[in-house]
Structure formats: C-alpha cells, structure tokens
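Enquirer: Below is the file final_5.cif, which contains mmCIF, C-alpha atoms.
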```cif
data_data
loop_
_atom_site.label_atom_id
_atom_site.label_comp_id
_atom_site.auth_asym_id
_atom_site.auth_seq_id
_atom_site.Cartn_x
_atom_site.Cartn_y
_atom_site.Cartn_z
CA MET G 1 -25.02 21.50 -20.01
CA GLU G 2 -28.10 20.52 -18.01
CA GLU G 3 -26.52 17.19 -17.15
CA TYR G 4 -23.39 19.01 -15.96
CA PHE G 5 -25.43 21.24 -13.63
CA LYS G 6 -27.31 18.22 -12.31
CA GLN G 7 -24.12 16.26 -11.59
CA MET G 8 -22.40 19.24 -9.98
CA ALA G 9 -25.43 19.87 -7.75
CA GLU G 10 -25.31 16.26 -6.64
CA LEU G 11 -21.57 16.39 -5.88
CA LEU G 12 -22.01 19.65 -3.97
CA GLU G 13 -25.07 18.27 -2.11
CA VAL G 14 -27.51 21.00 -3.13
CA ASP G 15 -30.77 21.02 -5.14
CA SER G 16 -29.43 23.14 -7.97
CA VAL G 17 -26.40 25.20 -8.99
CA ASN G 18 -25.97 28.32 -11.16
CA THR G 19 -23.23 29.44 -13.53
CA ASN G 20 -21.96 32.18 -11.23
CA ASP G 21 -21.91 30.15 -7.98
CA GLU G 22 -18.47 30.16 -6.37
CA LEU G 23 -17.18 26.61 -5.90
CA ASN G 24 -15.73 27.21 -2.44
CA SER G 25 -18.96 28.85 -1.19
CA PHE G 26 -20.70 25.47 -0.90
CA GLU G 27 -21.02 23.88 2.53
CA ALA G 28 -19.85 20.51 1.14
CA TRP G 29 -16.71 21.96 -0.49
CA ASP G 30 -13.51 20.12 0.53
CA SER G 31 -10.71 17.98 -0.88
CA LEU G 32 -13.07 15.01 -1.23
CA THR G 33 -15.45 17.07 -3.38
CA ILE G 34 -12.50 18.07 -5.56
CA LEU G 35 -11.52 14.41 -6.00
CA SER G 36 -15.14 13.52 -6.81
CA ILE G 37 -15.18 16.26 -9.47
CA ILE G 38 -11.90 14.95 -10.93
CA ALA G 39 -13.42 11.47 -11.17
CA PHE G 40 -16.74 12.74 -12.59
CA VAL G 41 -15.04 14.90 -15.26
CA ASN G 42 -12.72 12.04 -16.15
CA ASP G 43 -15.62 9.58 -16.55
CA SER G 44 -18.01 11.92 -18.35
CA TYR G 45 -15.76 14.05 -20.53
CA ALA G 46 -12.50 12.04 -20.72
CA VAL G 47 -10.72 15.15 -19.42
CA THR G 48 -8.07 15.02 -16.70
CA LEU G 49 -8.12 17.90 -14.22
CA ASN G 50 -5.94 18.49 -11.19
CA ALA G 51 -6.97 20.15 -7.93
CA ASN G 52 -5.39 23.51 -8.83
CA GLU G 53 -7.20 23.76 -12.16
CA ILE G 54 -10.50 23.20 -10.36
CA LYS G 55 -9.73 25.77 -7.67
CA GLU G 56 -8.59 28.32 -10.25
CA ALA G 57 -11.79 27.84 -12.26
CA ARG G 58 -13.55 29.46 -9.24
CA THR G 59 -17.15 29.13 -10.39
CA ILE G 60 -19.50 26.44 -11.72
CA GLY G 61 -19.46 28.10 -15.15
CA GLY G 62 -15.70 28.69 -15.02
CA LEU G 63 -15.12 25.00 -14.43
CA LYS G 64 -17.28 24.08 -17.41
CA LYS G 65 -15.18 26.41 -19.57
CA VAL G 66 -11.97 24.70 -18.39
CA ILE G 67 -13.47 21.28 -19.20
CA ASP G 68 -14.56 22.40 -22.67
CA SER G 69 -11.18 23.94 -23.40
CA LYS G 70 -9.45 20.63 -22.54
CA LYS G 71 -11.82 18.47 -24.58
CA LYS G 72 -10.19 17.08 -27.68
CA MET S 1 9.55 -2.06 -20.36
CA ASP S 2 8.31 -5.59 -21.07
CA LEU S 3 9.66 -8.39 -18.91
CA LEU S 4 9.58 -12.15 -19.35
CA PHE S 5 10.53 -14.90 -16.92
CA GLN S 6 10.43 -18.67 -17.08
CA ASN S 7 10.60 -21.55 -14.63
CA LYS S 8 9.95 -19.46 -11.54
CA LYS S 9 7.20 -19.79 -8.96
CA ILE S 10 5.88 -18.49 -5.69
CA SER S 11 5.74 -21.32 -3.15
CA GLY S 12 4.39 -19.57 -0.06
CA VAL S 13 3.01 -16.27 1.23
CA LEU S 14 2.75 -15.13 4.85
CA THR S 15 1.43 -11.75 5.92
CA ILE S 16 2.20 -10.40 9.39
CA LEU S 17 0.09 -7.48 10.60
CA PRO S 18 0.30 -5.61 13.91
CA GLU S 19 -2.39 -6.69 16.36
CA ARG S 20 -3.31 -3.09 17.21
CA GLU S 21 -6.39 -2.03 15.29
CA ILE S 22 -7.58 1.59 15.16
CA LEU S 23 -11.03 2.64 14.00
CA PHE S 24 -11.55 5.63 11.71
CA GLU S 25 -13.98 7.13 14.24
CA ASP S 26 -11.37 6.95 17.01
CA GLU S 27 -9.15 9.40 15.13
CA MET S 28 -11.75 11.78 13.73
CA SER S 29 -11.21 14.35 16.49
CA ASN S 30 -7.58 14.72 15.32
CA TYR S 31 -8.78 16.15 12.04
CA ASN S 32 -9.65 19.74 11.35
CA PHE S 33 -13.01 18.79 9.81
CA THR S 34 -16.56 18.30 11.08
CA ALA S 35 -17.54 14.73 11.96
CA ALA S 36 -20.10 14.78 9.14
CA LYS S 37 -17.44 15.65 6.57
CA SER S 38 -15.06 13.03 7.85
CA LEU S 39 -17.78 10.36 7.82
CA LYS S 40 -18.54 11.29 4.23
CA LEU S 41 -14.88 10.71 3.39
CA LYS S 42 -14.99 7.37 5.19
CA MET S 43 -17.99 6.25 3.11
CA ALA S 44 -16.63 7.46 -0.21
CA MET S 45 -13.11 6.07 0.15
CA GLY S 46 -14.01 2.91 2.03
CA TYR S 47 -12.09 3.60 5.23
CA ASN S 48 -12.93 1.78 8.44
CA LYS S 49 -10.10 0.38 10.52
CA HIS S 50 -6.35 0.02 10.12
CA ARG S 51 -3.47 -1.87 11.71
CA ILE S 52 -0.82 0.29 13.32
CA VAL S 53 2.36 -0.74 15.15
CA GLU S 54 2.94 0.08 18.80
CA GLU S 55 5.45 2.85 19.40
CA GLY S 56 9.01 1.88 18.54
CA VAL S 57 8.26 -1.22 16.48
CA CYS S 58 10.59 -1.53 13.49
CA VAL S 59 10.47 -3.39 10.20
CA SER S 60 13.04 -5.98 11.35
CA ASP S 61 10.88 -6.84 14.41
CA ILE S 62 7.88 -7.79 12.27
CA CYS S 63 9.98 -9.60 9.65
CA CYS S 64 11.82 -11.67 12.28
CA HIS S 65 8.52 -12.56 13.96
CA GLY S 66 7.20 -13.88 10.64
CA LEU S 67 10.36 -15.74 9.69
CA ASN S 68 10.56 -17.37 13.13
CA TYR S 69 6.94 -18.46 12.72
CA LEU S 70 7.89 -20.18 9.45
CA PHE S 71 10.98 -21.82 10.99
CA GLU S 72 9.00 -23.06 14.00
CA HIS S 73 6.22 -24.50 11.84
CA ASP S 74 8.65 -26.24 9.46
CA LYS S 75 7.52 -24.16 6.51
CA LEU S 76 11.00 -22.81 5.85
CA LYS S 77 14.54 -23.85 6.79
CA LYS S 78 17.18 -21.32 7.72
CA ASN S 79 19.95 -22.84 5.64
CA GLU S 80 17.95 -22.95 2.41
CA ILE S 81 17.63 -19.14 2.17
CA ASP S 82 20.06 -18.07 -0.56
CA ALA S 83 18.84 -14.50 -0.90
CA LEU S 84 16.94 -12.12 1.35
CA ILE S 85 15.34 -9.15 -0.41
CA LEU S 86 13.78 -6.48 1.80
CA ILE S 87 11.62 -3.87 0.13
CA THR S 88 10.99 -1.01 2.54
CA GLN S 89 10.80 2.77 2.84
CA SER S 90 11.12 2.64 6.60
CA PRO S 91 14.44 0.87 7.31
CA ASP S 92 15.72 0.43 10.87
CA TYR S 93 18.79 2.57 10.02
CA PHE S 94 20.28 4.57 7.14
CA MET S 95 23.11 2.04 7.35
CA PRO S 96 23.59 -0.91 7.43
CA PRO S 97 20.85 -2.53 5.31
CA THR S 98 17.99 -3.86 7.43
CA SER S 99 18.15 -7.19 5.56
CA ASN S 100 21.67 -7.68 7.00
CA ILE S 101 20.28 -6.86 10.46
CA ILE S 102 17.60 -9.54 9.98
CA GLN S 103 20.18 -12.05 8.76
CA GLY S 104 22.25 -11.42 11.90
CA ILE S 105 19.35 -11.64 14.36
CA LEU S 106 18.11 -14.92 12.88
CA GLY S 107 21.57 -16.44 12.43
CA LEU S 108 21.16 -17.17 8.74
CA LYS S 109 24.06 -18.60 6.75
CA LYS S 110 26.79 -16.23 5.52
CA ASP S 111 26.91 -17.70 2.02
CA MET S 112 23.97 -15.62 0.82
CA ILE S 113 22.85 -12.24 -0.55
CA CYS S 114 21.04 -9.62 1.54
CA ILE S 115 19.70 -6.58 -0.26
CA ASP S 116 17.44 -3.66 0.70
CA ILE S 117 15.41 -1.94 -2.02
CA ASN S 118 13.70 1.40 -1.48
CA GLN S 119 10.30 0.94 -3.08
CA GLY S 120 6.72 1.50 -2.04
CA CYS S 121 3.37 0.54 -3.44
CA ALA S 122 4.89 -1.21 -6.46
CA GLY S 123 7.25 -3.03 -4.08
CA PHE S 124 5.69 -6.47 -4.42
CA VAL S 125 6.02 -6.42 -8.22
CA LEU S 126 9.55 -4.96 -8.04
CA GLY S 127 10.52 -7.51 -5.39
CA LEU S 128 9.29 -10.46 -7.44
CA VAL S 129 11.18 -9.17 -10.48
CA GLN S 130 14.39 -8.96 -8.41
CA ALA S 131 13.75 -12.43 -6.97
CA PHE S 132 13.25 -13.93 -10.44
CA MET S 133 16.52 -12.36 -11.61
CA PHE S 134 18.43 -13.78 -8.63
CA LEU S 135 17.06 -17.24 -9.41
CA ASP S 136 18.88 -17.22 -12.74
CA GLN S 137 22.06 -17.78 -10.70
CA PRO S 138 22.78 -21.51 -10.33
CA SER S 139 23.75 -21.03 -6.66
CA ILE S 140 20.46 -19.39 -5.76
CA ASN S 141 17.61 -21.85 -5.30
CA LYS S 142 15.37 -20.08 -2.87
CA VAL S 143 14.71 -16.38 -2.41
CA VAL S 144 12.87 -14.87 0.53
CA LEU S 145 11.14 -11.66 -0.46
CA LEU S 146 10.25 -9.41 2.47
CA ASN S 147 7.91 -6.48 1.96
CA ALA S 148 7.66 -4.41 5.13
CA ASP S 149 6.82 -0.90 6.23
CA VAL S 150 5.95 0.97 9.41
CA LEU S 151 5.09 4.23 7.68
CA SER S 152 2.39 5.14 10.22
CA ARG S 153 5.36 6.47 12.19
CA LYS S 154 5.94 8.97 9.38
CA VAL S 155 2.33 10.08 8.89
CA SER S 156 0.89 12.99 10.84
CA LYS S 157 -2.10 11.96 12.97
CA ARG S 158 -3.67 15.26 11.98
CA ASP S 159 -3.41 14.59 8.25
CA ARG S 160 -6.81 13.40 7.04
CA ASN S 161 -5.31 12.99 3.59
CA SER S 162 -3.01 10.11 4.58
CA ASN S 163 -3.62 8.99 8.17
CA PRO S 164 -6.97 7.14 7.71
CA LEU S 165 -5.54 4.86 5.05
CA ILE S 166 -2.01 4.15 6.31
CA GLY S 167 -1.27 0.66 7.56
CA ASP S 168 1.82 -1.16 8.86
CA GLY S 169 2.94 -4.72 8.35
CA ALA S 170 5.19 -7.18 6.61
CA SER S 171 4.91 -10.07 4.21
CA ILE S 172 7.14 -12.99 3.38
CA THR S 173 6.98 -14.46 -0.10
CA ILE S 174 9.03 -17.53 -0.98
CA VAL S 175 10.19 -17.56 -4.58
CA GLU S 176 11.94 -20.50 -6.22
CA ARG S 177 12.63 -22.25 -9.50
CA SER S 178 9.88 -24.31 -11.04
CA ASP S 179 9.99 -27.37 -13.31
CA GLU S 180 6.99 -26.10 -15.22
CA SER S 181 8.05 -24.01 -18.17
CA GLN S 182 5.31 -21.45 -17.89
CA ASN S 183 5.91 -17.89 -18.97
CA ILE S 184 5.58 -15.08 -16.47
CA TYR S 185 4.84 -11.81 -18.22
CA GLY S 186 5.53 -8.44 -16.73
CA ASN S 187 6.05 -4.77 -17.38
CA ILE S 188 7.45 -1.87 -15.41
CA TRP S 189 7.37 1.88 -15.87
CA MET S 190 8.99 4.74 -13.95
CA ASP S 191 8.63 8.53 -14.01
CA GLY S 192 10.96 10.45 -11.73
CA THR S 193 9.66 13.81 -12.97
CA ARG S 194 6.62 13.21 -10.75
CA ALA S 195 8.67 12.09 -7.74
CA ASP S 196 7.18 14.79 -5.49
CA ALA S 197 3.66 13.30 -5.67
CA LEU S 198 4.53 11.01 -2.75
CA MET S 199 7.43 11.85 -0.50
CA ILE S 200 8.88 12.47 2.95
CA PRO S 201 10.67 15.79 2.33
CA ALA S 202 12.92 16.07 5.39
CA GLY S 203 15.08 13.66 7.36
CA GLY S 204 17.40 12.54 4.57
CA PHE S 205 20.62 14.17 3.44
CA ARG S 206 18.99 16.78 1.17
CA GLU S 207 16.98 18.29 4.02
CA PRO S 208 18.27 16.96 7.35
CA ALA S 209 15.87 16.88 10.31
CA THR S 210 16.02 20.01 12.47
CA ASN S 211 13.73 21.63 15.05
CA GLU S 212 12.21 23.59 12.17
CA THR S 213 11.39 20.52 10.02
CA ALA S 214 9.50 18.98 12.98
CA ILE S 215 6.96 21.82 13.24
CA LEU S 216 3.41 20.91 12.22
CA LYS S 217 1.98 23.33 9.67
CA GLU S 218 -1.51 23.58 8.21
CA ASP S 219 -1.89 23.15 4.45
CA GLU S 220 -4.55 24.80 2.24
CA ASN S 221 -6.94 21.86 2.79
CA GLY S 222 -6.80 22.00 6.59
CA ASN S 223 -4.38 19.13 7.20
CA PHE S 224 -1.46 19.48 9.63
CA ARG S 225 1.89 17.87 8.90
CA SER S 226 5.62 18.60 9.30
CA ARG S 227 8.39 18.37 6.70
CA GLU S 228 9.35 15.02 8.28
CA ASP S 229 5.92 13.53 7.58
CA LEU S 230 4.74 11.74 4.48
CA ILE S 231 3.00 14.03 2.02
CA MET S 232 0.78 12.75 -0.77
CA LYS S 233 -0.71 14.84 -3.56
CA GLY S 234 -4.01 12.98 -3.68
CA ASP S 235 -5.28 14.45 -6.93
CA GLU S 236 -2.05 13.79 -8.80
CA VAL S 237 -1.81 10.21 -7.53
CA PHE S 238 -5.44 9.58 -8.50
CA ASN S 239 -4.89 10.93 -12.02
CA PHE S 240 -1.62 9.03 -12.37
CA VAL S 241 -3.23 5.70 -11.51
CA GLN S 242 -6.28 6.20 -13.73
CA GLN S 243 -4.10 7.29 -16.65
CA GLU S 244 -1.22 4.86 -16.51
CA VAL S 245 -2.48 1.60 -15.02
CA PRO S 246 -5.29 0.59 -17.44
CA PRO S 247 -3.13 0.84 -20.61
CA MET S 248 -0.33 -1.03 -18.84
CA ILE S 249 -2.67 -3.93 -17.98
CA GLU S 250 -4.09 -3.97 -21.53
CA ALA S 251 -0.53 -4.16 -22.91
CA LEU S 252 0.42 -6.94 -20.47
CA LEU S 253 -2.56 -9.13 -21.39
CA ASP S 254 -1.99 -8.38 -25.07
CA LYS S 255 1.65 -9.46 -24.85
CA ALA S 256 0.63 -12.67 -23.08
CA SER S 257 -2.30 -13.26 -25.48
CA VAL S 258 -4.60 -13.69 -22.50
CA SER S 259 -8.15 -12.34 -22.44
CA LYS S 260 -9.44 -10.32 -19.51
CA ASP S 261 -11.91 -13.08 -18.65
CA ALA S 262 -9.16 -15.70 -18.48
CA VAL S 263 -7.54 -13.92 -15.54
CA ASP S 264 -8.98 -15.33 -12.31
CA TYR S 265 -8.16 -12.36 -10.10
CA TYR S 266 -6.71 -8.91 -10.49
CA MET S 267 -4.72 -8.62 -7.27
CA PHE S 268 -3.84 -4.95 -7.27
CA HIS S 269 -2.22 -2.67 -4.77
CA GLN S 270 -4.97 -0.96 -2.76
CA PRO S 271 -4.73 2.77 -1.99
CA ASN S 272 -8.48 2.92 -1.22
CA ARG S 273 -11.70 1.26 -2.39
CA PHE S 274 -12.77 4.27 -4.46
CA MET S 275 -9.68 4.12 -6.66
CA LEU S 276 -9.93 0.34 -7.12
CA HIS S 277 -13.55 0.55 -8.25
CA LYS S 278 -12.63 3.27 -10.74
CA LEU S 279 -9.77 1.11 -12.04
CA ALA S 280 -11.97 -1.97 -12.39
CA ASP S 281 -14.59 0.07 -14.27
CA LYS S 282 -12.01 1.56 -16.59
CA LEU S 283 -10.59 -1.89 -17.34
CA ASN S 284 -14.06 -3.36 -17.68
CA VAL S 285 -13.32 -5.98 -15.05
CA PRO S 286 -16.06 -7.09 -12.60
CA HIS S 287 -15.49 -5.76 -9.07
CA GLU S 288 -15.51 -9.35 -7.70
CA LYS S 289 -12.38 -10.10 -9.72
CA MET S 290 -10.51 -7.14 -8.27
CA PRO S 291 -10.75 -7.33 -4.46
CA SER S 292 -10.81 -3.89 -2.80
CA ASN S 293 -11.31 -4.69 0.89
CA VAL S 294 -7.74 -4.46 2.21
CA VAL S 295 -7.75 -0.77 3.20
CA GLU S 296 -11.07 -0.93 5.08
CA ASN S 297 -9.83 -3.91 7.12
CA PHE S 298 -6.11 -3.29 7.55
CA GLY S 299 -5.02 0.00 5.93
CA ASN S 300 -2.52 0.40 3.12
CA ALA S 301 0.95 -0.85 4.06
CA SER S 302 2.41 -0.03 0.61
CA GLY S 303 4.25 -3.11 -0.74
CA VAL S 304 2.50 -5.36 1.78
CA SER S 305 -0.95 -4.64 0.37
CA ILE S 306 -0.84 -7.20 -2.48
CA PRO S 307 0.37 -10.06 -0.21
CA THR S 308 -2.30 -9.03 2.33
CA ASN S 309 -4.82 -9.12 -0.49
CA ILE S 310 -3.62 -12.63 -1.44
CA THR S 311 -3.60 -14.10 2.07
CA PHE S 312 -6.84 -12.44 3.22
CA ASN S 313 -8.96 -12.94 0.10
CA LEU S 314 -7.55 -16.12 -1.48
CA GLY S 315 -5.80 -17.74 1.50
CA GLU S 316 -6.23 -21.51 1.80
CA LYS S 317 -7.69 -21.70 -1.71
CA LEU S 318 -4.21 -21.10 -3.14
CA CYS S 319 -2.81 -24.10 -1.23
CA THR S 320 -4.98 -26.53 -3.19
CA GLU S 321 -5.82 -24.74 -6.44
CA LYS S 322 -3.95 -22.80 -9.08
CA LYS S 323 -5.14 -19.42 -10.27
CA LEU S 324 -4.04 -17.07 -13.01
CA LEU S 325 -3.31 -13.83 -11.19
CA CYS S 326 -2.60 -10.38 -12.50
CA PHE S 327 -0.59 -8.31 -9.99
CA SER S 328 -0.23 -4.58 -10.25
CA GLY S 329 1.48 -2.08 -7.99
CA PHE S 330 1.68 1.70 -8.47
CA GLY S 331 2.91 4.57 -6.39
CA VAL S 332 6.02 6.28 -5.06
CA GLY S 333 8.69 7.04 -7.64
CA LEU S 334 6.46 7.27 -9.54
CA THR S 335 6.54 3.58 -10.37
CA TRP S 336 3.95 1.32 -11.93
CA GLY S 337 4.33 -2.33 -12.79
CA SER S 338 2.41 -5.51 -13.36
CA LEU S 339 2.92 -9.27 -13.56
CA LEU S 340 0.78 -12.06 -14.96
CA MET S 341 1.47 -15.51 -13.53
CA ASN S 342 -0.06 -18.72 -12.31
CA VAL S 343 0.00 -18.98 -8.53
CA GLY S 344 -1.13 -21.98 -6.54
CA LYS S 345 -0.36 -25.28 -4.78
CA LEU S 346 1.38 -23.10 -2.20
CA ASN S 347 3.00 -24.61 0.88
CA PHE S 348 1.34 -21.90 2.94
CA CYS S 349 -0.82 -18.84 2.40
CA GLU S 350 -1.85 -17.24 5.66
CA LEU S 351 -2.10 -14.07 7.71
CA ILE S 352 -0.85 -13.83 11.30
CA ASN S 353 -0.64 -11.07 13.90
CA TYR S 354 2.46 -9.46 15.35
#
```
Just dump the structure as structure tokens.
Expert:
Amino acid sequence: MEEYFKQMAELLEVDSVNTNDELNSFEAWDSLTILSIIAFVNDSYAVTLNANEIKEARTIGGLKKVIDSKKK
Amino acid sequence: MDLLFQNKKISGVLTILPEREILFEDEMSNYNFTAAKSLKLKMAMGYNKHRIVEEGVCVSDICCHGLNYLFEHDKLKKNEIDALILITQSPDYFMPPTSNIIQGILGLKKDMICIDINQGCAGFVLGLVQAFMFLDQPSINKVVLLNADVLSRKVSKRDRNSNPLIGDGASITIVERSDESQNIYGNIWMDGTRADALMIPAGGFREPATNETAILKEDENGNFRSREDLIMKGDEVFNFVQQEVPPMIEALLDKASVSKDAVDYYMFHQPNRFMLHKLADKLNVPHEKMPSNVVENFGNASGVSIPTNITFNLGEKLCTEKKLLCFSGFGVGLTWGSLLMNVGKLNFCELINY
C-alpha cells in the first residue's frame, strides 16, 4: 500500500497523497496522468484499466479498490 | 492466423516525406492546455517535430513524386510493374481507386493489377502479405507496394490527443520473387468489435458530411474536434497494443523457432516513443533493437512508419548487409500483424523529401 501511495504521489507530482484525495483535484491531473496510471498499474499489478474506470474510481483509495478487485 | 511464404523478397525501399516540418512548440497555443502541461506531454511521449503536407497535397502526388524519382534514377522500370498496391486511408477520391489514378498519371502498362486497400498502422504488414500472394501468380514478377497517407488533413489542429503525433508521407517497397528458399513467417489478427477506437466518424456514407458534422466540439479532456476529424481513444489503443502485440510476437518467433536474440531489429510501427519502450520492456527486448525515433523526427504516418523506420535507421546498411527483421504493425480495425524475414542486399534504401 505504501508503495502505491508513493507511486501515485510521483505521478500526480506531489509530496504525498491520502486515501480520500480526489483524483481530479490535483494540479497535474490530465489525460497524460491517466495514461501514466494505466501504464503503472499494468506494470506493477498486471491489471488493465481504462480511462473511465480510473475516472469513476474518483479517489486515491477508490482506485486502489478497483485495482484490487481486478487482481486475479 | 499464421501465415507462411517462400521465395519472396523485398528488393528496395524508398520513403518520401513532405519537406514541411512543424515543431511541437509551434502548435502548443492551439491546445487548451497550459504550456507546462503540453511540454510534459512532449517529454513523456517523445514528441518533437513532424512532417505535414502543404494544403491540398494528395496521396497520389507524393506517390508519383517517389515513383518518378525511381524511374529517373534507373532504380525501377515502368514496364516491369505487374501490380500496384496502394494502402491508404486518405484516397484522392471515393472512386476510382487512387492506384488507378497513379497508373494513369505515370503511363504504366495496362496489363497489370491496381488495387487500393483501406488499412492504417498495420498497412505495411498487410501490404507485404498482399504482395506475396500476388507473386504466386506466374505473370506477376514485380509488385510495387505503396503505403501513403495525408491524415494530417483529417486531424483537428486543436486536438492534443492526435495532432502532435500525426505525420504525412508515402513509401515505395519493391517486392519480388527470390531464388533463396527462405521461409517468411507471419501472423495477422483482427477485431472489428473495437473498430471505434480509431475512426473518422463522418464523411462516409453512414454519416455524410454536413454543416453540423464540421462543427468543432470540446471533449471531456479539453480537445476540440469535429465529427469529420480523426478520433483516437488513447487509453484503449494503449491497452490494445500492450495486450495483443507481445503474445503475437512470442507466437511468431516460436513458430519460426527463432530466439529473441537472433532477431537483428524489431522494426515496429511507431505511435509514440512511450508505447514502444513499454512494448520493448514487455517483450524483454533491448531498446536499441527496437528503434523508437520516428515520431519525434517525422510524426506517425500510419502505414508509412515502418518503411520510414527502415530507411531512416537502417538505410544504406541494408544495401550491403542482410538482417533478420521482425516487422509489426497495429492499429485501426483493430488490426495487428507481424512478419519475420531476412531483408538486405537492397537495390536502394533511402528517404527523400517531397
């Protein structure tokens, strides 16, 4: 979980992120960030996400839940 | 589907790119994003400059320029062309086929086949497959494969999703029979259920162009495009490539009993540098063996990107040496295909300007 927070903070260009942070509230949030998250999740968890699934996850914690639910 | 060909070879490759070069920075003000965000995109994807046709330039103009260059430099004779295959998504007209237009302009012989094929980023692989099949006819000794597109004319300048990477151009690949009985391995896959991942919605018969279809509208990501412009679902295309291409290449090499190391170069279609690096990593292939510099130098001209990759990165080397190349194209359709073949001792392998 710690590694996930660290990676997400890096992708969102902030020092740290919290479970309840809204994804689209970050200054860096755009379609490139979404693609970077898709690539990161694919590499680290072998889970394939699309842009809508990420947007619908809404928060940092919500996204982690989606990833975990798709893990085999 | 696995494919197998024998006694066929590529004997020359010419790439023709428009002289006009546009820098990423020159177009940043068209986008609805801050300069900082756009520069971040440039860094991540590996965008820099791209080659774009002047207004009004058509596929047949670039193809004829290239073919005339070959005729004038004695690299090809008009009367030896038995088949002309044009792979394009931006034909001069709905009808007739643009390959017939080219035949007429250049005064090629009438005892030949002209055929247009609507294909995109897998168009070089598809074109070679069609050329190999034609060469099984005793009357066909030499096939000229043209890959050409001017899709910048169908991309909104205010679409940061597609405009920075689009490129125009054409390539001419000469394909003929070979005395060497070397196997050429290939495979091709299609999935029409995902056809909407890359498309131009309006302007055909299903949704004819009207005043309404020409209106630019903003999408949820801040890009402006009309129904007549190319639309690409970036996330779906990325996932498609990462999911489908690596297993296809593994299966191809397996079928051919060739190890990954034995392949000299993986000459893949190039949507952007980011995607190519991810592909190379997934396949466990060193980045040096899978060139990824076409988009940053020229843009992505769909089926022309592999020939551009060949002429720009291997060039003269392929006139003297022989290399085992793995080609792979993937995109519109969706279509994904690959070929494994020896290429070398070419009569020409160069890149010229239009």
Enquirer: Excluding Val263 in chain S and residues on its chain fewer than 2 positions from it, collect all residues at most 9 Å away from it, counting all atoms listed in the file, and give them as a PyMOL selection string.
Expert: chain S and resi 258-261+265-266+289+323-326+340
Enquirer: Write the residues of the preceding selection, restricted to C-alpha atoms, as a short mmCIF file (atom, residue, chain, number, x, y, z; two decimals), in the frame of the given file.
Expert:
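As a result, again21.cif now contains:
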```
data_model
loop_
_atom_site.label_atom_id
_atom_site.label_comp_id
_atom_site.auth_asym_id
_atom_site.auth_seq_id
_atom_site.Cartn_x
_atom_site.Cartn_y
_atom_site.Cartn_z
CA VAL S 258 -4.60 -13.69 -22.50
CA SER S 259 -8.15 -12.34 -22.44
CA LYS S 260 -9.44 -10.32 -19.51
CA ASP S 261 -11.91 -13.08 -18.65
CA TYR S 265 -8.16 -12.36 -10.10
CA TYR S 266 -6.71 -8.91 -10.49
CA LYS S 289 -12.38 -10.10 -9.72
CA LYS S 323 -5.14 -19.42 -10.27
CA LEU S 324 -4.04 -17.07 -13.01
CA LEU S 325 -3.31 -13.83 -11.19
CA CYS S 326 -2.60 -10.38 -12.50
CA LEU S 340 0.78 -12.06 -14.96
#
```
Enquirer: For the structure shown, which residues end up in the PyMOL selection byres ((chain G and resi 24-27) around 10)? Put them as number ranges by chain, please?
Expert: G: 12-14, 17, 21-23, 28-30, 55, 58-59; S: 37
Enquirer: Would you work out the distance separating CA of Asn7 in chain S from CA of Phe132 in chain S, expressed in Å to one decimal?
Expert: 9.1 Å
Enquirer: What are the residues of chain G lining chain S at 10 Å or less? Count all atoms listed in the file, and put the answer as an MDAnalysis selection string.
Expert: chainID G and resid 27:36 38:39 42:43 48:52
Enquirer: Quick one: of S:Gly203, S:Gly107, S:Pro97, S:Gly303, who's nearest to Phe71 in chain S, counting only C-alpha atoms?
Expert: S:Gly107
Enquirer: One number please: CA of Ser178 in chain S to CA of Lys8 in chain S, in Å, one decimal.
Expert: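 Between CA of Ser178 in chain S and CA of Lys8 in chain S the gap is 4.9 Å.
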Enquirer: Would you work out the distance separating CA of Gly46 in chain S from CA of Arg273 in chain S, expressed in Å to one decimal?
Expert: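 Going from CA of Gly46 in chain S over to CA of Arg273 in chain S, I get 5.3 Å.
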Enquirer: Specify as a list in words each residue included when the PyMOL selection byres ((chain S and resi 336) around 7) is applied to this file.
Expert: Ala122, Ile188, Trp189, Met190, Gly329, Phe330, Gly331, Leu334, Thr335 and Gly337 of chain S
Enquirer: List, as a ChimeraX atom specification, every residue that the PyMOL selection byres ((chain S and resi 62) around 12) selects in the file provided.
Expert: /S:14-19,52-54,56-61,63-69,91-92,98,102,146-150,168-172,352-354
Enquirer: Can you tell me, as a ChimeraX atom specification, what residues are no more than 12 Å from Gln103 in chain S when counting all atoms listed in the file, ignoring any on the same chain fewer than 4 positions away?
Expert: /S:60,63-64,67-68,78-79,81-86,96-99,107-116,144
Enquirer: Next, the residues of the selection above should be written as a compact mmCIF listing (two decimals), keeping the file's coordinate frame with C-alpha atoms.
Expert:
```
# COMPACT_ATOMS: atom_id res chain seq x y z
CA SER S 60 13.04 -5.98 11.35
CA CYS S 63 9.98 -9.60 9.65
CA CYS S 64 11.82 -11.67 12.28
CA LEU S 67 10.36 -15.74 9.69
CA ASN S 68 10.56 -17.37 13.13
CA LYS S 78 17.18 -21.32 7.72
CA ASN S 79 19.95 -22.84 5.64
CA ILE S 81 17.63 -19.14 2.17
CA ASP S 82 20.06 -18.07 -0.56
CA ALA S 83 18.84 -14.50 -0.90
CA LEU S 84 16.94 -12.12 1.35
CA ILE S 85 15.34 -9.15 -0.41
CA LEU S 86 13.78 -6.48 1.80
CA PRO S 96 23.59 -0.91 7.43
CA PRO S 97 20.85 -2.53 5.31
CA THR S 98 17.99 -3.86 7.43
CA SER S 99 18.15 -7.19 5.56
CA GLY S 107 21.57 -16.44 12.43
CA LEU S 108 21.16 -17.17 8.74
CA LYS S 109 24.06 -18.60 6.75
CA LYS S 110 26.79 -16.23 5.52
CA ASP S 111 26.91 -17.70 2.02
CA MET S 112 23.97 -15.62 0.82
CA ILE S 113 22.85 -12.24 -0.55
CA CYS S 114 21.04 -9.62 1.54
CA ILE S 115 19.70 -6.58 -0.26
CA ASP S 116 17.44 -3.66 0.70
CA VAL S 144 12.87 -14.87 0.53
```
Enquirer: Closest to Met199 in chain S among S:Ile306, S:Leu230, S:Ile215, S:Leu76, using only C-alpha atoms?
Expert: S:Leu230
Enquirer: Take every atom of range 321-339 of chain S listed in the file, fit an axis-aligned box around them, add 8 Å per side, and give the centre and edge lengths in Å to one decimal as lines of an AutoDock Vina configuration file.
Expert:
```
center_x = 1.4
center_y = -8.7
center_z = -9.3
size_x = 30.5
size_y = 48.0
size_z = 24.5
```
Enquirer: So which one's closest to Asp136 in chain S, S:Val175, S:Val294, S:Thr320, S:Glu212? Using all atoms listed in the file, please.
Expert: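 Using all atoms listed in the file, the shortest distance to Asp136 in chain S belongs to S:Val175.
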Enquirer: Pick out the residues sitting within 6 Å of Asn187 in chain S, and hand them over as an MDAnalysis selection string; count only C-alpha atoms, and ignore anything fewer than 5 positions along from it in its own chain.
Expert: chainID S and resid 1:3 337:338
Enquirer: Could the residues in this selection be saved with C-alpha atoms as a PDB file, in the frame of the given file?
Expert:
```
ATOM      1  CA  MET S   1       9.550  -2.060 -20.360  1.00  0.00           C
ATOM      2  CA  ASP S   2       8.310  -5.590 -21.070  1.00  0.00           C
ATOM      3  CA  LEU S   3       9.660  -8.390 -18.910  1.00  0.00           C
ATOM      4  CA  GLY S 337       4.330  -2.330 -12.790  1.00  0.00           C
ATOM      5  CA  SER S 338       2.410  -5.510 -13.360  1.00  0.00           C
TER       6      SER S 338
END
```
